[in-house]
Each structure stands twice: as C-alpha cells, then as structure tokens.
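A quick write-up on the structure given underneath.
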Amino acid sequence: MTTVRTLALAALCLWAAASPSHAADTTAAQQLARWSAQAGSPGNADKGKVFFTTRHGGEWSCASCHGTPPTAQGKHASTGKSIAPLAPAFNPKAFTDTAKVDKWFRRNCNDVLSRECTAVEKADVLAYVSAFNALKP
C-alpha cells in the first residue's frame, strides 16, 4: 500500500511540474504573443478597443464590467462583484496565469458574444489592454 501511495505522490508531483498552466507561469506580453501567433498576425490595439467597447448584439460589452479604460477597479454588471483592473500596467497579476487567462476568455467571451472569442479577437483585446503601459502611474 505504501508503494502505491509513493507512486501516486510521485506521479502527482511529475504532473504538477510538467503542467504548463500554473500561477505566474506567463506574462501579458507572452499571452499577446501566444494569441498573435495563433491568429497569424499581431494584435491590433485599435481593433481591440472597438471590440472591447462594443456590445456585439448582446446585453454587455467587455467594458460593461471592466470599464473604459480598463485601468481602474471594475464591477460585474449583474452581481456587482468587484473586479481588479484588467490593464496589466495597473494590475501586475493580470494575465499571469495561463489557466485563468483561458478560463476567463472562455467565460467572458461566452457572456459577451454567446461564443468563444477567436484568436484574432483575443490578440486584439490583449494589444488594447497592454497599450496602457504608457499610462502607468
């Protein structure tokens, strides 16, 4: 029984060490590069701003919860829950966990678009929110 537990623990440790999606495993710049590569073109901040502030035929836009610009504390449109600033220059934890980036893009895109965002849309939004680095306090 001890051998089984030891092997199970060893397997868990190997899995955790090999897992590419753990806290602080990435940066906003790396996420932008990731989605730009998948899109086949660099993210466009101007297109990202339009995408971010447009309601896309639904009830909400990204800006409905994250604000315009996304440099201050936001508030969830239906629950009222506080949301940390989305722009990485104003929130050092933004876009630093690949698993959370994927989860929140999937969830929020479904809320705003009723579908997942494309790689182009993700790259454009990341280019837009990353453009606020010049405004960093």
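The way I read the labels, and the way they are meant: chains A, B, ... in the order of the structure tokens, residue 1 as the first residue of every chain, and ligand 1 as the first ligand shown, with later ones counted on from there.
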*Select from chain A everything DSSP, run on the backbone, classes as strand (DSSP E), then give the selection as a PyMOL selection string.*
chain A and resi 74-75+82-83
The selected residues should be written to file as a CSV table (one decimal), in the first residue's frame (atoms: N, CA and C atoms).
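again-v1.csv, written as the output of this step:
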```csv
chain,number,residue,atom,x,y,z
A,74,GLY,N,-13.1,47.5,-11.7
A,74,GLY,CA,-14.3,47.3,-12.4
A,74,GLY,C,-15.4,46.7,-11.5
A,75,LYS,N,-16.6,46.4,-12.0
A,75,LYS,CA,-17.7,45.9,-11.2
A,75,LYS,C,-18.5,45.0,-12.1
A,82,SER,N,-16.7,43.2,-7.2
A,82,SER,CA,-15.5,44.0,-7.6
A,82,SER,C,-14.6,43.2,-8.5
A,83,ILE,N,-14.0,43.8,-9.5
A,83,ILE,CA,-13.1,43.2,-10.5
A,83,ILE,C,-11.8,44.1,-10.5
```
_Taking 2 positions as the minimum chain separation for residues in the same chain, which residues sit within 7 Å of stretch 61-73 of chain A when counting only C-alpha atoms? Answer as a ChimeraX atom specification._
/A:52-55,75-77,82-87,90,112,129
Please write the residues from the selection above to a file, keeping C-alpha atoms, as a PDB file, in the first residue's frame.
```
ATOM      1  CA  PHE A  52     -13.828  45.759 -26.012  1.00  0.00           C
ATOM      2  CA  THR A  53     -16.379  48.590 -26.019  1.00  0.00           C
ATOM      3  CA  THR A  54     -18.951  47.060 -28.431  1.00  0.00           C
ATOM      4  CA  ARG A  55     -21.971  45.094 -27.193  1.00  0.00           C
ATOM      5  CA  LYS A  75     -17.662  45.855 -11.220  1.00  0.00           C
ATOM      6  CA  HIS A  76     -19.538  42.841 -12.563  1.00  0.00           C
ATOM      7  CA  ALA A  77     -22.636  44.103 -14.378  1.00  0.00           C
ATOM      8  CA  SER A  82     -15.527  43.985  -7.623  1.00  0.00           C
ATOM      9  CA  ILE A  83     -13.085  43.207 -10.468  1.00  0.00           C
ATOM     10  CA  ALA A  84      -9.391  44.134 -10.415  1.00  0.00           C
ATOM     11  CA  PRO A  85      -8.159  46.420 -13.213  1.00  0.00           C
ATOM     12  CA  LEU A  86      -7.655  44.489 -16.455  1.00  0.00           C
ATOM     13  CA  ALA A  87      -4.783  46.542 -17.877  1.00  0.00           C
ATOM     14  CA  PHE A  90      -2.460  48.739 -13.370  1.00  0.00           C
ATOM     15  CA  VAL A 112     -20.479  38.945 -24.356  1.00  0.00           C
ATOM     16  CA  VAL A 129      -5.266  46.392 -22.600  1.00  0.00           C
TER      17      VAL A 129
END
```
*Return the single residue from A:Trp60, A:Glu121, A:Lys100, A:Ala127 that is closest to A:Ala39, with distances computed using only C-alpha atoms.*
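Using only C-alpha atoms, A:Ala39 sits closest to A:Glu121.
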*Write out as a list in words the residues lying within 9 Å of A:Asp111, counting only C-alpha atoms and excluding same-chain residues fewer than 2 positions away.*
Gly58, Glu59, Trp60, Ser61, Arg106, Arg107, Asn108, Cys109, Leu113, Ser114 and Arg115 of chain A
Export, as a PDB file, in the first residue's frame, the selected residues with N, CA, C and O atoms.
```pdb
ATOM      1  N   GLY A  58     -25.507  41.826 -27.828  1.00  0.00           N
ATOM      2  CA  GLY A  58     -25.944  41.302 -26.539  1.00  0.00           C
ATOM      3  C   GLY A  58     -26.167  42.414 -25.535  1.00  0.00           C
ATOM      4  O   GLY A  58     -26.185  43.598 -25.866  1.00  0.00           O
ATOM      5  N   GLU A  59     -26.319  42.012 -24.305  1.00  0.00           N
ATOM      6  CA  GLU A  59     -26.605  42.947 -23.222  1.00  0.00           C
ATOM      7  C   GLU A  59     -25.346  43.670 -22.728  1.00  0.00           C
ATOM      8  O   GLU A  59     -25.407  44.794 -22.265  1.00  0.00           O
ATOM      9  N   TRP A  60     -24.177  42.997 -22.825  1.00  0.00           N
ATOM     10  CA  TRP A  60     -22.945  43.528 -22.262  1.00  0.00           C
ATOM     11  C   TRP A  60     -21.848  43.651 -23.300  1.00  0.00           C
ATOM     12  O   TRP A  60     -21.842  42.952 -24.305  1.00  0.00           O
ATOM     13  N   SER A  61     -20.901  44.496 -22.989  1.00  0.00           N
ATOM     14  CA  SER A  61     -19.607  44.534 -23.681  1.00  0.00           C
ATOM     15  C   SER A  61     -18.563  44.174 -22.634  1.00  0.00           C
ATOM     16  O   SER A  61     -18.874  44.068 -21.443  1.00  0.00           O
ATOM     17  N   ARG A 106     -12.727  32.308 -22.106  1.00  0.00           N
ATOM     18  CA  ARG A 106     -13.839  31.428 -22.489  1.00  0.00           C
ATOM     19  C   ARG A 106     -15.142  31.907 -21.855  1.00  0.00           C
ATOM     20  O   ARG A 106     -16.153  32.099 -22.532  1.00  0.00           O
ATOM     21  N   ARG A 107     -15.118  32.170 -20.554  1.00  0.00           N
ATOM     22  CA  ARG A 107     -16.333  32.571 -19.830  1.00  0.00           C
ATOM     23  C   ARG A 107     -16.836  33.943 -20.293  1.00  0.00           C
ATOM     24  O   ARG A 107     -18.014  34.122 -20.577  1.00  0.00           O
ATOM     25  N   ASN A 108     -15.938  34.916 -20.340  1.00  0.00           N
ATOM     26  CA  ASN A 108     -16.362  36.271 -20.673  1.00  0.00           C
ATOM     27  C   ASN A 108     -16.769  36.407 -22.141  1.00  0.00           C
ATOM     28  O   ASN A 108     -17.712  37.139 -22.451  1.00  0.00           O
ATOM     29  N   CYS A 109     -16.076  35.718 -23.027  1.00  0.00           N
ATOM     30  CA  CYS A 109     -16.479  35.767 -24.435  1.00  0.00           C
ATOM     31  C   CYS A 109     -17.862  35.161 -24.611  1.00  0.00           C
ATOM     32  O   CYS A 109     -18.687  35.687 -25.363  1.00  0.00           O
ATOM     33  N   LEU A 113     -20.390  37.441 -26.283  1.00  0.00           N
ATOM     34  CA  LEU A 113     -20.633  37.069 -27.680  1.00  0.00           C
ATOM     35  C   LEU A 113     -21.545  35.867 -27.869  1.00  0.00           C
ATOM     36  O   LEU A 113     -21.936  35.568 -28.993  1.00  0.00           O
ATOM     37  N   SER A 114     -21.813  35.138 -26.799  1.00  0.00           N
ATOM     38  CA  SER A 114     -22.520  33.857 -26.864  1.00  0.00           C
ATOM     39  C   SER A 114     -21.717  32.826 -27.663  1.00  0.00           C
ATOM     40  O   SER A 114     -22.278  31.940 -28.293  1.00  0.00           O
ATOM     41  N   ARG A 115     -20.394  32.985 -27.633  1.00  0.00           N
ATOM     42  CA  ARG A 115     -19.472  32.038 -28.260  1.00  0.00           C
ATOM     43  C   ARG A 115     -18.080  32.346 -27.724  1.00  0.00           C
ATOM     44  O   ARG A 115     -17.874  33.364 -27.070  1.00  0.00           O
TER      45      ARG A 115
END
```
Residues near A:Gly43, anyone? I mean within 9 Å using only C-alpha atoms, not counting same-chain ones fewer than 4 positions away, as an mmCIF file with N, CA and C atoms, in the first residue's frame.
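Final file, out26.cif:
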```cif
data_model
loop_
_atom_site.group_PDB
_atom_site.id
_atom_site.type_symbol
_atom_site.label_atom_id
_atom_site.label_comp_id
_atom_site.auth_asym_id
_atom_site.auth_seq_id
_atom_site.Cartn_x
_atom_site.Cartn_y
_atom_site.Cartn_z
ATOM 1 N N LEU A 32 -0.063 37.859 -25.271
ATOM 2 C CA LEU A 32 -0.269 38.577 -26.539
ATOM 3 C C LEU A 32 0.469 37.862 -27.662
ATOM 4 N N ALA A 33 1.705 37.457 -27.423
ATOM 5 C CA ALA A 33 2.479 36.736 -28.443
ATOM 6 C C ALA A 33 1.815 35.399 -28.781
ATOM 7 N N TRP A 35 -1.438 34.520 -28.563
ATOM 8 C CA TRP A 35 -2.660 34.658 -29.359
ATOM 9 C C TRP A 35 -2.383 35.281 -30.718
ATOM 10 N N SER A 36 -1.385 36.155 -30.813
ATOM 11 C CA SER A 36 -0.999 36.716 -32.115
ATOM 12 C C SER A 36 -0.474 35.609 -33.023
ATOM 13 N N ALA A 39 -3.324 33.635 -34.200
ATOM 14 C CA ALA A 39 -4.126 34.414 -35.147
ATOM 15 C C ALA A 39 -3.416 34.556 -36.489
ATOM 16 N N LYS A 47 -8.366 47.886 -33.012
ATOM 17 C CA LYS A 47 -9.458 46.926 -33.184
ATOM 18 C C LYS A 47 -9.873 46.345 -31.834
ATOM 19 N N GLY A 48 -8.888 46.156 -30.950
ATOM 20 C CA GLY A 48 -9.183 45.648 -29.616
ATOM 21 C C GLY A 48 -10.064 46.588 -28.827
ATOM 22 N N VAL A 120 -7.808 35.946 -33.076
ATOM 23 C CA VAL A 120 -7.643 37.343 -33.509
ATOM 24 C C VAL A 120 -8.268 38.283 -32.483
ATOM 25 N N GLU A 121 -9.478 37.984 -32.036
ATOM 26 C CA GLU A 121 -10.152 38.830 -31.044
ATOM 27 C C GLU A 121 -9.364 38.869 -29.731
ATOM 28 N N LYS A 122 -8.859 37.726 -29.282
ATOM 29 C CA LYS A 122 -8.071 37.684 -28.047
ATOM 30 C C LYS A 122 -6.798 38.507 -28.202
ATOM 31 N N ALA A 123 -6.108 38.357 -29.329
ATOM 32 C CA ALA A 123 -4.875 39.126 -29.557
ATOM 33 C C ALA A 123 -5.175 40.621 -29.589
ATOM 34 N N ASP A 124 -6.264 41.010 -30.238
ATOM 35 C CA ASP A 124 -6.617 42.431 -30.315
ATOM 36 C C ASP A 124 -6.947 42.996 -28.931
ATOM 37 N N VAL A 125 -7.710 42.267 -28.129
ATOM 38 C CA VAL A 125 -8.041 42.729 -26.770
ATOM 39 C C VAL A 125 -6.778 42.830 -25.932
ATOM 40 N N LEU A 126 -5.912 41.846 -26.023
ATOM 41 C CA LEU A 126 -4.656 41.897 -25.271
ATOM 42 C C LEU A 126 -3.787 43.068 -25.720
ATOM 43 N N ALA A 127 -3.761 43.361 -27.011
ATOM 44 C CA ALA A 127 -2.999 44.520 -27.500
ATOM 45 C C ALA A 127 -3.588 45.805 -26.927
ATOM 46 N N TYR A 128 -4.918 45.884 -26.875
ATOM 47 C CA TYR A 128 -5.585 47.071 -26.333
ATOM 48 C C TYR A 128 -5.281 47.264 -24.852
#
```
